[in-house]
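Participant: Got query_10.cif for you, mmCIF, C-alpha atoms:
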data_my_file
loop_
_atom_site.label_atom_id
_atom_site.label_comp_id
_atom_site.auth_asym_id
_atom_site.auth_seq_id
_atom_site.Cartn_x
_atom_site.Cartn_y
_atom_site.Cartn_z
CA MET A 911 0.00 0.00 0.00
CA ARG A 912 3.07 2.22 -0.37
CA GLY A 913 2.10 5.63 -1.72
CA HIS A 914 -1.53 5.10 -0.72
CA ALA A 915 -1.05 5.76 3.00
CA TYR A 916 0.74 8.10 5.40
CA GLU A 917 1.22 8.28 9.17
CA GLU A 918 0.61 11.20 11.52
CA ASP A 919 1.36 10.80 15.25
CA GLY A 920 0.43 7.13 15.31
CA ASP A 921 -2.63 7.47 13.09
CA VAL A 922 -2.37 5.96 9.60
CA TYR A 923 -4.52 7.49 6.85
CA TYR A 924 -5.44 6.35 3.38
CA ARG A 925 -4.53 8.92 0.74
CA VAL A 926 -7.73 9.17 -1.30
CA SER A 927 -6.07 11.20 -4.07
CA SER A 928 -3.90 8.15 -4.88
CA PHE A 929 -6.94 6.17 -6.06
CA PRO A 930 -8.46 7.74 -9.22
CA GLU A 931 -11.60 5.53 -9.08
CA TYR A 932 -12.58 6.76 -5.62
CA GLY A 933 -16.24 7.79 -5.72
CA ARG A 934 -17.17 5.51 -8.61
CA LEU A 935 -19.41 3.22 -6.52
CA SER A 936 -21.34 6.07 -4.87
CA ARG A 937 -21.17 8.19 -8.05
CA GLN A 938 -19.89 11.18 -6.16
CA GLN A 939 -17.48 13.77 -7.49
CA ALA A 940 -14.40 14.75 -5.50
CA ASP A 941 -15.81 18.15 -4.53
CA GLU A 942 -19.10 16.56 -3.39
CA MET A 943 -17.52 14.22 -0.84
CA LEU A 944 -17.89 15.22 2.77
CA ASN A 945 -15.13 15.47 5.32
CA GLN A 946 -15.26 11.96 6.78
CA GLU A 947 -13.37 12.49 10.04
CA PRO A 948 -12.43 16.11 10.74
CA ASN A 949 -8.72 16.28 11.55
CA PRO A 950 -6.30 19.11 10.67
CA ARG A 951 -3.46 16.60 10.35
CA LYS A 952 -4.96 15.06 7.21
CA GLU A 953 -3.48 15.87 3.82
CA ASP A 954 -6.99 15.82 2.33
CA PRO A 955 -10.29 16.06 4.24
CA ARG A 956 -11.51 12.96 2.34
CA ASP A 957 -8.71 10.77 3.71
CA PHE A 958 -9.77 8.10 6.19
CA ALA A 959 -8.09 6.19 9.01
CA LEU A 960 -6.59 2.75 8.45
CA TRP A 961 -5.12 2.63 11.96
CA LYS A 962 -5.86 4.81 14.97
CA ALA A 963 -3.50 5.45 17.87
CA SER A 964 -4.75 4.51 21.32
CA LYS A 965 -6.49 7.17 23.35
CA PRO A 966 -6.98 7.27 27.14
CA GLY A 967 -9.97 5.23 28.26
CA GLU A 968 -10.18 2.96 25.21
CA ASP A 969 -10.45 -0.70 26.14
CA SER A 970 -9.01 -2.35 23.02
CA SER A 971 -5.60 -1.84 21.46
CA TRP A 972 -2.72 -3.77 19.89
CA GLU A 973 0.94 -3.15 19.20
CA SER A 974 1.84 -2.08 15.66
CA PRO A 975 4.75 -0.51 13.72
CA TRP A 976 3.08 2.87 14.41
CA GLY A 977 2.60 2.29 18.14
CA ARG A 978 -0.27 0.90 20.17
CA GLY A 979 -3.69 1.34 18.63
CA ARG A 980 -6.56 -0.29 16.77
CA PRO A 981 -7.77 -0.72 13.18
CA GLY A 982 -10.01 1.83 11.54
CA TRP A 983 -13.56 0.55 11.10
CA HIS A 984 -13.34 0.42 7.30
CA ILE A 985 -10.22 -1.78 7.27
CA GLU A 986 -11.82 -4.25 9.67
CA CYS A 987 -14.44 -5.18 7.06
CA SER A 988 -11.94 -5.59 4.24
CA ALA A 989 -9.81 -7.82 6.47
CA MET A 990 -12.75 -10.01 7.55
CA SER A 991 -14.13 -10.31 4.00
CA GLU A 992 -10.79 -11.34 2.54
CA LYS A 993 -10.04 -13.76 5.36
CA HIS A 994 -13.27 -15.70 4.83
CA LEU A 995 -14.01 -15.09 1.14
CA GLY A 996 -10.60 -14.45 -0.40
CA PRO A 997 -9.13 -11.41 -2.22
CA GLU A 998 -11.91 -11.57 -4.83
CA PHE A 999 -15.50 -12.72 -4.33
CA GLU A 1000 -18.83 -12.38 -6.11
CA ILE A 1001 -21.28 -10.28 -4.08
CA HIS A 1002 -20.95 -7.70 -1.30
CA GLY A 1003 -24.20 -6.48 0.23
CA GLY A 1004 -25.33 -3.90 2.72
CA GLY A 1005 -27.74 -1.07 3.38
CA LEU A 1006 -27.93 2.04 1.21
CA ASP A 1007 -26.48 4.02 4.11
CA LEU A 1008 -23.15 2.17 3.75
CA ILE A 1009 -22.37 3.01 0.12
CA PHE A 1010 -20.47 6.14 1.14
CA PRO A 1011 -18.09 6.28 2.79
CA HIS A 1012 -17.82 2.72 4.11
CA HIS A 1013 -18.04 0.64 0.94
CA GLU A 1014 -16.19 3.25 -1.08
CA ASN A 1015 -13.35 3.01 1.43
CA GLU A 1016 -13.36 -0.79 1.44
CA ILE A 1017 -12.81 -0.77 -2.32
CA ALA A 1018 -10.04 1.80 -2.16
CA GLN A 1019 -7.99 0.10 0.56
CA SER A 1020 -8.39 -3.40 -0.95
CA ARG A 1021 -7.50 -2.29 -4.48
CA ALA A 1022 -4.43 -0.52 -3.10
CA LEU A 1023 -3.11 -4.01 -2.26
CA GLY A 1024 -3.89 -5.24 -5.78
CA HIS A 1025 -6.92 -7.24 -4.61
CA PRO A 1026 -9.99 -7.10 -6.91
CA PHE A 1027 -12.34 -7.44 -3.89
CA ALA A 1028 -16.11 -7.69 -4.65
CA ARG A 1029 -17.38 -8.05 -8.22
CA ILE A 1030 -21.01 -7.10 -7.55
CA TRP A 1031 -22.40 -4.62 -5.02
CA MET A 1032 -26.02 -4.84 -3.84
CA HIS A 1033 -27.55 -2.25 -1.53
CA ASN A 1034 -30.92 -2.72 0.12
CA GLY A 1035 -33.35 -0.03 1.20
CA MET A 1036 -33.66 0.68 4.89
CA LEU A 1037 -36.46 -0.47 7.18
CA ARG A 1038 -38.20 2.60 8.57
CA PHE A 1039 -40.34 3.09 11.64
CA ALA A 1040 -42.89 5.91 11.45
CA GLY A 1041 -41.00 7.36 8.50
CA GLU A 1042 -37.59 7.23 10.19
CA GLU A 1043 -34.79 4.70 9.66
CA MET A 1044 -34.97 1.89 12.20
CA HIS A 1045 -31.80 1.63 14.28
CA LYS A 1046 -31.04 0.10 17.65
CA SER A 1047 -29.11 3.26 18.57
CA ALA A 1048 -32.25 5.34 17.91
CA GLY A 1049 -34.30 3.13 20.23
CA ASN A 1050 -36.96 2.52 17.58
CA ASP A 1051 -36.00 -1.01 16.60
CA VAL A 1052 -38.35 -3.99 16.89
CA SER A 1053 -36.84 -7.40 17.59
CA LEU A 1054 -37.56 -10.19 15.14
CA ALA A 1055 -38.87 -12.33 18.01
CA ARG A 1056 -41.43 -9.65 18.97
CA ALA A 1057 -42.48 -9.20 15.34
CA PHE A 1058 -42.97 -12.97 14.95
CA ASP A 1059 -44.96 -13.19 18.16
CA ARG A 1060 -47.31 -10.42 17.11
CA TRP A 1061 -47.72 -10.96 13.36
CA GLY A 1062 -46.51 -14.46 12.47
CA ARG A 1063 -44.08 -15.53 9.76
CA GLU A 1064 -46.48 -15.41 6.81
CA THR A 1065 -47.56 -11.83 7.48
CA LEU A 1066 -43.93 -10.74 7.90
CA LEU A 1067 -42.90 -12.42 4.65
CA ALA A 1068 -45.81 -10.81 2.82
CA PHE A 1069 -44.77 -7.45 4.32
CA PHE A 1070 -41.16 -7.67 3.14
CA LEU A 1071 -42.21 -8.86 -0.33
CA SER A 1072 -44.50 -5.84 -0.67
CA GLY A 1073 -41.51 -3.49 -0.99
CA HIS A 1074 -38.77 -3.43 -3.61
CA TRP A 1075 -35.52 -4.60 -2.08
CA ARG A 1076 -33.65 -1.42 -3.09
CA LYS A 1077 -36.21 0.99 -1.61
CA PRO A 1078 -37.13 1.97 1.97
CA LEU A 1079 -39.93 0.05 3.66
CA ASP A 1080 -42.13 1.39 6.46
CA TYR A 1081 -42.82 -0.88 9.45
CA SER A 1082 -46.08 0.17 11.09
CA ASP A 1083 -49.37 -1.26 12.30
CA SER A 1084 -51.05 -0.19 9.07
CA THR A 1085 -48.47 -1.78 6.74
CA LEU A 1086 -48.42 -5.02 8.75
CA THR A 1087 -52.22 -5.11 8.86
CA ALA A 1088 -52.25 -4.74 5.08
CA ALA A 1089 -49.74 -7.59 4.80
CA ALA A 1090 -51.91 -9.80 7.00
CA ALA A 1091 -54.89 -9.04 4.77
CA ARG A 1092 -52.85 -9.95 1.70
CA ALA A 1093 -51.90 -13.31 3.21
CA ALA A 1094 -55.58 -13.90 4.10
CA ARG A 1095 -56.62 -13.23 0.49
CA PHE A 1096 -54.21 -15.87 -0.74
CA ARG A 1097 -55.62 -18.35 1.80
CA GLU A 1098 -59.11 -17.57 0.60
CA VAL A 1099 -58.22 -18.61 -2.96
CA PHE A 1100 -57.60 -22.16 -1.73
CA ARG A 1101 -61.02 -22.25 -0.05
CA ASN A 1102 -62.73 -21.88 -3.44
CA PRO A 1103 -62.70 -23.96 -6.63
CA SER A 1104 -59.50 -23.82 -8.69
CA ILE A 1105 -59.69 -21.90 -11.99
CA THR A 1106 -57.01 -22.63 -14.59
CA ALA A 1107 -54.76 -19.62 -15.16
CA PRO A 1108 -53.96 -18.23 -18.65
CA ASP A 1109 -51.10 -19.88 -20.54
CA ASP A 1110 -48.76 -16.92 -20.01
CA ALA A 1111 -49.42 -16.60 -16.27
CA TRP A 1112 -46.17 -18.14 -15.04
CA ASN A 1113 -44.10 -16.25 -17.62
CA ARG A 1114 -45.51 -12.96 -16.33
CA PHE A 1115 -44.60 -13.92 -12.77
CA ALA A 1116 -41.07 -14.93 -13.81
CA ALA A 1117 -40.64 -11.73 -15.82
CA ALA A 1118 -41.44 -9.62 -12.75
CA LEU A 1119 -38.75 -11.41 -10.75
CA ASP A 1120 -36.28 -11.19 -13.63
CA ASP A 1121 -36.79 -7.41 -13.57
CA ASP A 1122 -34.49 -6.63 -10.64
CA PHE A 1123 -36.37 -9.11 -8.40
CA ASN A 1124 -39.47 -6.92 -8.43
CA THR A 1125 -41.45 -8.72 -5.73
CA PRO A 1126 -44.27 -6.12 -5.49
CA GLU A 1127 -45.01 -6.63 -9.20
CA ALA A 1128 -44.74 -10.42 -8.81
CA LEU A 1129 -47.30 -10.32 -6.00
CA ALA A 1130 -49.61 -8.18 -8.13
CA VAL A 1131 -49.42 -10.82 -10.88
CA ILE A 1132 -50.28 -13.79 -8.67
CA HIS A 1133 -53.09 -11.92 -6.90
CA GLU A 1134 -55.02 -12.36 -10.16
CA TRP A 1135 -54.71 -16.15 -10.06
CA ARG A 1136 -57.30 -18.63 -8.86
CA ASP A 1137 -55.32 -21.63 -10.11
CA HIS A 1138 -54.44 -23.59 -6.96
CA GLU A 1139 -51.43 -25.49 -8.28
CA LEU A 1140 -49.87 -22.49 -10.00
CA LEU A 1141 -50.49 -20.20 -7.02
CA TYR A 1142 -49.00 -22.74 -4.63
CA ARG A 1143 -45.94 -23.03 -6.87
CA ALA A 1144 -45.46 -19.25 -6.88
CA LEU A 1145 -46.06 -18.81 -3.16
CA ASN A 1146 -43.57 -21.57 -2.47
CA VAL A 1147 -40.88 -19.53 -4.25
CA PHE A 1148 -41.21 -17.07 -1.38
CA GLY A 1149 -41.59 -19.63 1.40
CA LEU A 1150 -45.33 -18.97 1.60
CA GLY A 1151 -46.59 -22.36 0.46
CA SER A 1152 -48.11 -22.81 3.91
CA LEU A 1153 -50.85 -20.35 2.89
CA ALA A 1154 -52.35 -23.27 0.96
CA ASP A 1155 -52.65 -25.38 4.12
CA ARG A 1156 -56.16 -26.27 5.19
CA SER A 1157 -55.50 -25.38 8.79
CA ASP A 1158 -59.19 -24.66 9.41
CA ALA A 1159 -60.21 -28.22 8.52
CA PRO A 1160 -61.03 -30.30 11.62
CA ALA A 1161 -58.12 -32.34 12.94
CA GLY A 1162 -59.98 -35.58 12.27
CA VAL A 1163 -60.53 -34.66 8.61
CA THR A 1164 -56.88 -33.74 8.20
CA GLN A 1165 -55.88 -37.11 9.69
CA LEU A 1166 -58.12 -38.89 7.18
CA ALA A 1167 -56.53 -36.92 4.34
CA GLU A 1168 -53.03 -37.82 5.57
CA ALA A 1169 -54.03 -41.50 5.79
CA ARG A 1170 -55.42 -41.32 2.23
CA SER A 1171 -52.13 -39.83 0.98
CA ALA A 1172 -50.26 -42.68 2.62
CA ALA A 1173 -52.62 -45.23 1.02
CA ARG A 1174 -52.09 -43.67 -2.42
CA ALA A 1175 -48.33 -43.75 -1.94
CA ALA A 1176 -48.63 -47.47 -1.10
CA LYS A 1177 -50.83 -47.95 -4.20
CA ASP A 1178 -53.69 -49.13 -2.01
CA PHE A 1179 -56.27 -47.32 -4.11
CA ALA A 1180 -59.24 -49.16 -2.62
CA GLU A 1181 -58.34 -47.82 0.83
CA ALA A 1182 -57.72 -44.37 -0.65
CA ASP A 1183 -61.20 -44.38 -2.19
CA ARG A 1184 -62.75 -45.50 1.08
CA LEU A 1185 -61.03 -42.64 2.93
CA ARG A 1186 -62.13 -40.13 0.28
CA ALA A 1187 -65.74 -41.21 0.85
CA GLU A 1188 -65.30 -40.82 4.61
CA ILE A 1189 -63.91 -37.33 4.13
CA LEU A 1190 -66.88 -36.45 1.91
CA ALA A 1191 -69.26 -37.74 4.55
CA ALA A 1192 -67.60 -35.40 7.05
CA GLY A 1193 -68.44 -32.44 4.79
CA TRP A 1194 -65.06 -31.96 3.10
CA GLU A 1195 -63.63 -32.64 -0.32
CA VAL A 1196 -60.02 -33.78 -0.80
CA ARG A 1197 -58.33 -32.67 -4.01
CA ASP A 1198 -55.05 -34.02 -5.34
CA VAL A 1199 -52.54 -31.27 -6.27
CA ALA A 1200 -48.82 -31.16 -7.01
CA ALA A 1201 -48.15 -30.23 -3.38
CA GLY A 1202 -50.01 -33.34 -2.16
CA TYR A 1203 -53.63 -32.54 -1.33
CA GLU A 1204 -55.95 -29.75 -0.36
CA LEU A 1205 -59.11 -29.85 1.70
CA VAL A 1206 -62.07 -27.62 0.84
CA PRO A 1207 -65.59 -27.56 2.32
CA ARG A 1208 -68.00 -29.75 0.38
CA ALA A 1209 -70.31 -27.66 -1.79
#
Just dump the structure as structure tokens.

Facilitator:
Amino acid sequence: MRGHAYEEDGDVYYRVSSFPEYGRLSRQQADEMLNQEPNPRKEDPRDFALWKASKPGEDSSWESPWGRGRPGWHIECSAMSEKHLGPEFEIHGGGLDLIFPHHENEIAQSRALGHPFARIWMHNGMLRFAGEEMHKSAGNDVSLARAFDRWGRETLLAFFLSGHWRKPLDYSDSTLTAAAARAARFREVFRNPSITAPDDAWNRFAAALDDDFNTPEALAVIHEWRDHELLYRALNVFGLGSLADRSDAPAGVTQLAEARSAARAAKDFAEADRLRAEILAAGWEVRDVAAGYELVPRA
């Protein structure tokens, strides 16, 4: 990294001017970049710390050629990434708030060593609470355990799918209530007769996902479907196949349906037919689908 760094009183800084591509990831011009860490000892206000000298009261430090200190927070991530993934790897992800300066700095310091680092960068939108970014430090974060306890996995999945992965998403009672209603509408489809979808239905769903993994558009496509098998197949892509479960069927009816599935698997079709008749007598109809079976109230 010779020529890319300099030392001032135990602090080691990266010389941003030595890397012509600096700012390419965040698409910022040199005069648009903010002073990252105000310090009059820097050659350039854009320069950032690779190593910081120990200060009184700090609880972590190590010996180095520049004295006792600790790594800068940008260099830590480059070091961990390269240790576990190598000097070049496929995808580096993170929130939109990390593009500049953190990811810009990771690239600069890794390339200074001749390491290609990440080939693809993907930045997700931030989860917001009442219009503000959700952060533990702000005290407005909601634990995943609490969210699961209140809303359940299917509602949470439907909520996250309702927003594009690169855009902010608001977490609120109203948005989660809407997600719960969306999941309920999918369940309702399986309570009614299946209607064959148009021939191009799956291609439209796939095209939405091929377009930058546009999950809101994909959900809009499958909301039109009443085709049980095709809808189950699409929901299963997102881990929502359980929305097709007949959880409101009585336990005894579900047990009969499971026994019938076992009989069919054993090619005991006489027993399977007997169980179908018993299910019908209980007021339910069992339908064979690609996922196994579905139970719907007898018309």

Participant: Show which residues sit within 10 Å of His1138 (chain A), as JSON, numbers by chain. Count all atoms listed in the file, and ignore same-chain residues fewer than 5 positions away.

Facilitator: {"A": [1096, 1099, 1100, 1101, 1102, 1103, 1104, 1105, 1106, 1107, 1143, 1144, 1154, 1199, 1200, 1201, 1204]}

Participant: Leaving out Glu953 (chain A) and any residue of its chain fewer than 4 positions from it, which residues lie within 12 Å of it when counting only C-alpha atoms, given as a list of chain:residue names?

Facilitator: A:His914, A:Ala915, A:Tyr916, A:Glu917, A:Glu918, A:Val922, A:Tyr923, A:Tyr924, A:Arg925, A:Val926, A:Ser927, A:Ser928, A:Asn945, A:Pro948, A:Asn949, A:Asp957, A:Phe958, A:Ala959

Participant: Convert the current residue selection to file output with C-alpha atoms, as a short mmCIF file (atom, residue, chain, number, x, y, z; two decimals), in the coordinates of the input.

Facilitator:
data_model
loop_
_atom_site.label_atom_id
_atom_site.label_comp_id
_atom_site.auth_asym_id
_atom_site.auth_seq_id
_atom_site.Cartn_x
_atom_site.Cartn_y
_atom_site.Cartn_z
CA HIS A 914 -1.53 5.10 -0.72
CA ALA A 915 -1.05 5.76 3.00
CA TYR A 916 0.74 8.10 5.40
CA GLU A 917 1.22 8.28 9.17
CA GLU A 918 0.61 11.20 11.52
CA VAL A 922 -2.37 5.96 9.60
CA TYR A 923 -4.52 7.49 6.85
CA TYR A 924 -5.44 6.35 3.38
CA ARG A 925 -4.53 8.92 0.74
CA VAL A 926 -7.73 9.17 -1.30
CA SER A 927 -6.07 11.20 -4.07
CA SER A 928 -3.90 8.15 -4.88
CA ASN A 945 -15.13 15.47 5.32
CA PRO A 948 -12.43 16.11 10.74
CA ASN A 949 -8.72 16.28 11.55
CA ASP A 957 -8.71 10.77 3.71
CA PHE A 958 -9.77 8.10 6.19
CA ALA A 959 -8.09 6.19 9.01
#

Participant: What is the distance, in Å and to one decimal place, between CA of Thr1085 (chain A) and CA of Arg1097 (chain A)?

Facilitator: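 It comes out at 18.7 Å.
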
Participant: Evaluate the PyMOL selection byres ((chain A and resi 1196) around 7) and record the selected residues as a ChimeraX atom specification, following the chain and residue labels used in the document.

Facilitator: /A:1167,1186,1194-1195,1197-1198,1203-1206

Participant: Applied to the shown file, which residues does the PyMOL selection byres ((chain A and resi 1095) around 12) return, written as number ranges by chain?

Facilitator: A: 1065, 1068, 1088-1094, 1096-1102, 1129, 1132-1136, 1141, 1153-1154

Participant: Fewer than 4 positions away in the same chain doesn't count, so skip those; otherwise give me all residues within 12 Å of Val1147 (chain A), counting all atoms listed in the file, as number ranges by chain.

Facilitator: A: 1067, 1071, 1115-1116, 1119, 1125, 1128-1129, 1132, 1140-1143, 1151-1152

Participant: Could you check how far CA of Met1032 (chain A) sits from CA of Phe1123 (chain A), in Å to one decimal?

Facilitator: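 Straight-line distance from CA of Met1032 (chain A) to CA of Phe1123 (chain A) works out to 12.1 Å.
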
Participant: Can you spell out as a PDB file with C-alpha atoms, keeping the file's coordinate frame the set of residues that the PyMOL selection byres ((chain A and resi 1188) around 12) selects in the structure I just provided?

Facilitator:
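The file below, out_3.pdb, is the result:
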ATOM      1  CA  GLY A1162     -59.980 -35.580  12.270  1.00  0.00           C
ATOM      2  CA  VAL A1163     -60.530 -34.660   8.610  1.00  0.00           C
ATOM      3  CA  THR A1164     -56.880 -33.740   8.200  1.00  0.00           C
ATOM      4  CA  GLN A1165     -55.880 -37.110   9.690  1.00  0.00           C
ATOM      5  CA  LEU A1166     -58.120 -38.890   7.180  1.00  0.00           C
ATOM      6  CA  ALA A1167     -56.530 -36.920   4.340  1.00  0.00           C
ATOM      7  CA  ALA A1169     -54.030 -41.500   5.790  1.00  0.00           C
ATOM      8  CA  ARG A1170     -55.420 -41.320   2.230  1.00  0.00           C
ATOM      9  CA  GLU A1181     -58.340 -47.820   0.830  1.00  0.00           C
ATOM     10  CA  ALA A1182     -57.720 -44.370  -0.650  1.00  0.00           C
ATOM     11  CA  ASP A1183     -61.200 -44.380  -2.190  1.00  0.00           C
ATOM     12  CA  ARG A1184     -62.750 -45.500   1.080  1.00  0.00           C
ATOM     13  CA  LEU A1185     -61.030 -42.640   2.930  1.00  0.00           C
ATOM     14  CA  ARG A1186     -62.130 -40.130   0.280  1.00  0.00           C
ATOM     15  CA  ALA A1187     -65.740 -41.210   0.850  1.00  0.00           C
ATOM     16  CA  ILE A1189     -63.910 -37.330   4.130  1.00  0.00           C
ATOM     17  CA  LEU A1190     -66.880 -36.450   1.910  1.00  0.00           C
ATOM     18  CA  ALA A1191     -69.260 -37.740   4.550  1.00  0.00           C
ATOM     19  CA  ALA A1192     -67.600 -35.400   7.050  1.00  0.00           C
ATOM     20  CA  GLY A1193     -68.440 -32.440   4.790  1.00  0.00           C
ATOM     21  CA  TRP A1194     -65.060 -31.960   3.100  1.00  0.00           C
ATOM     22  CA  GLU A1195     -63.630 -32.640  -0.320  1.00  0.00           C
ATOM     23  CA  VAL A1196     -60.020 -33.780  -0.800  1.00  0.00           C
TER      24      VAL A1196
END

Participant: Which value, in Å to one decimal, gives the distance between CA of Asp1007 (chain A) and CA of Gly1062 (chain A)?

Facilitator: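 Going from CA of Asp1007 (chain A) over to CA of Gly1062 (chain A), I get 28.5 Å.
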
Participant: His1074 (chain A): which residues within 9 Å, counting only C-alpha atoms, same-chain residues fewer than 4 positions away excluded, as number ranges by chain?

Facilitator: A: 1034-1035, 1070, 1078-1079, 1122-1127

Participant: Edge lengths and centre, in Å to one decimal, as lines of an AutoDock Vina configuration file: that's what I need for the box along x, y and z that holds all listed atoms of region 989-992 of chain A plus 6 Å on each side.

Facilitator:
center_x = -12.0
center_y = -9.6
center_z = 5.0
size_x = 16.3
size_y = 15.5
size_z = 17.0

Participant: Go through A:Asp954, A:Asp1137, A:Asp1080, A:Asp1059 one by one, measure the shortest atom-to-atom distance of each to Asp1109 (chain A) using only C-alpha atoms, and give the residue with the smallest value.

Facilitator: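 Of all the options, A:Asp1137 lies closest to Asp1109 (chain A).
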
Participant: Which residues are close to Trp961 (chain A), i.e. within 8 Å by all atoms listed in the file, leaving aside same-chain residues fewer than 2 positions away? Reply as a PDB file with C-alpha atoms, in the frame of the given file.

Facilitator:
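In the end it all went to result04.pdb:
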ATOM      1  CA  GLY A 920       0.430   7.130  15.310  1.00  0.00           C
ATOM      2  CA  ASP A 921      -2.630   7.470  13.090  1.00  0.00           C
ATOM      3  CA  VAL A 922      -2.370   5.960   9.600  1.00  0.00           C
ATOM      4  CA  TYR A 923      -4.520   7.490   6.850  1.00  0.00           C
ATOM      5  CA  ALA A 959      -8.090   6.190   9.010  1.00  0.00           C
ATOM      6  CA  ALA A 963      -3.500   5.450  17.870  1.00  0.00           C
ATOM      7  CA  GLY A 979      -3.690   1.340  18.630  1.00  0.00           C
ATOM      8  CA  ARG A 980      -6.560  -0.290  16.770  1.00  0.00           C
ATOM      9  CA  PRO A 981      -7.770  -0.720  13.180  1.00  0.00           C
ATOM     10  CA  GLY A 982     -10.010   1.830  11.540  1.00  0.00           C
TER      11      GLY A 982
END
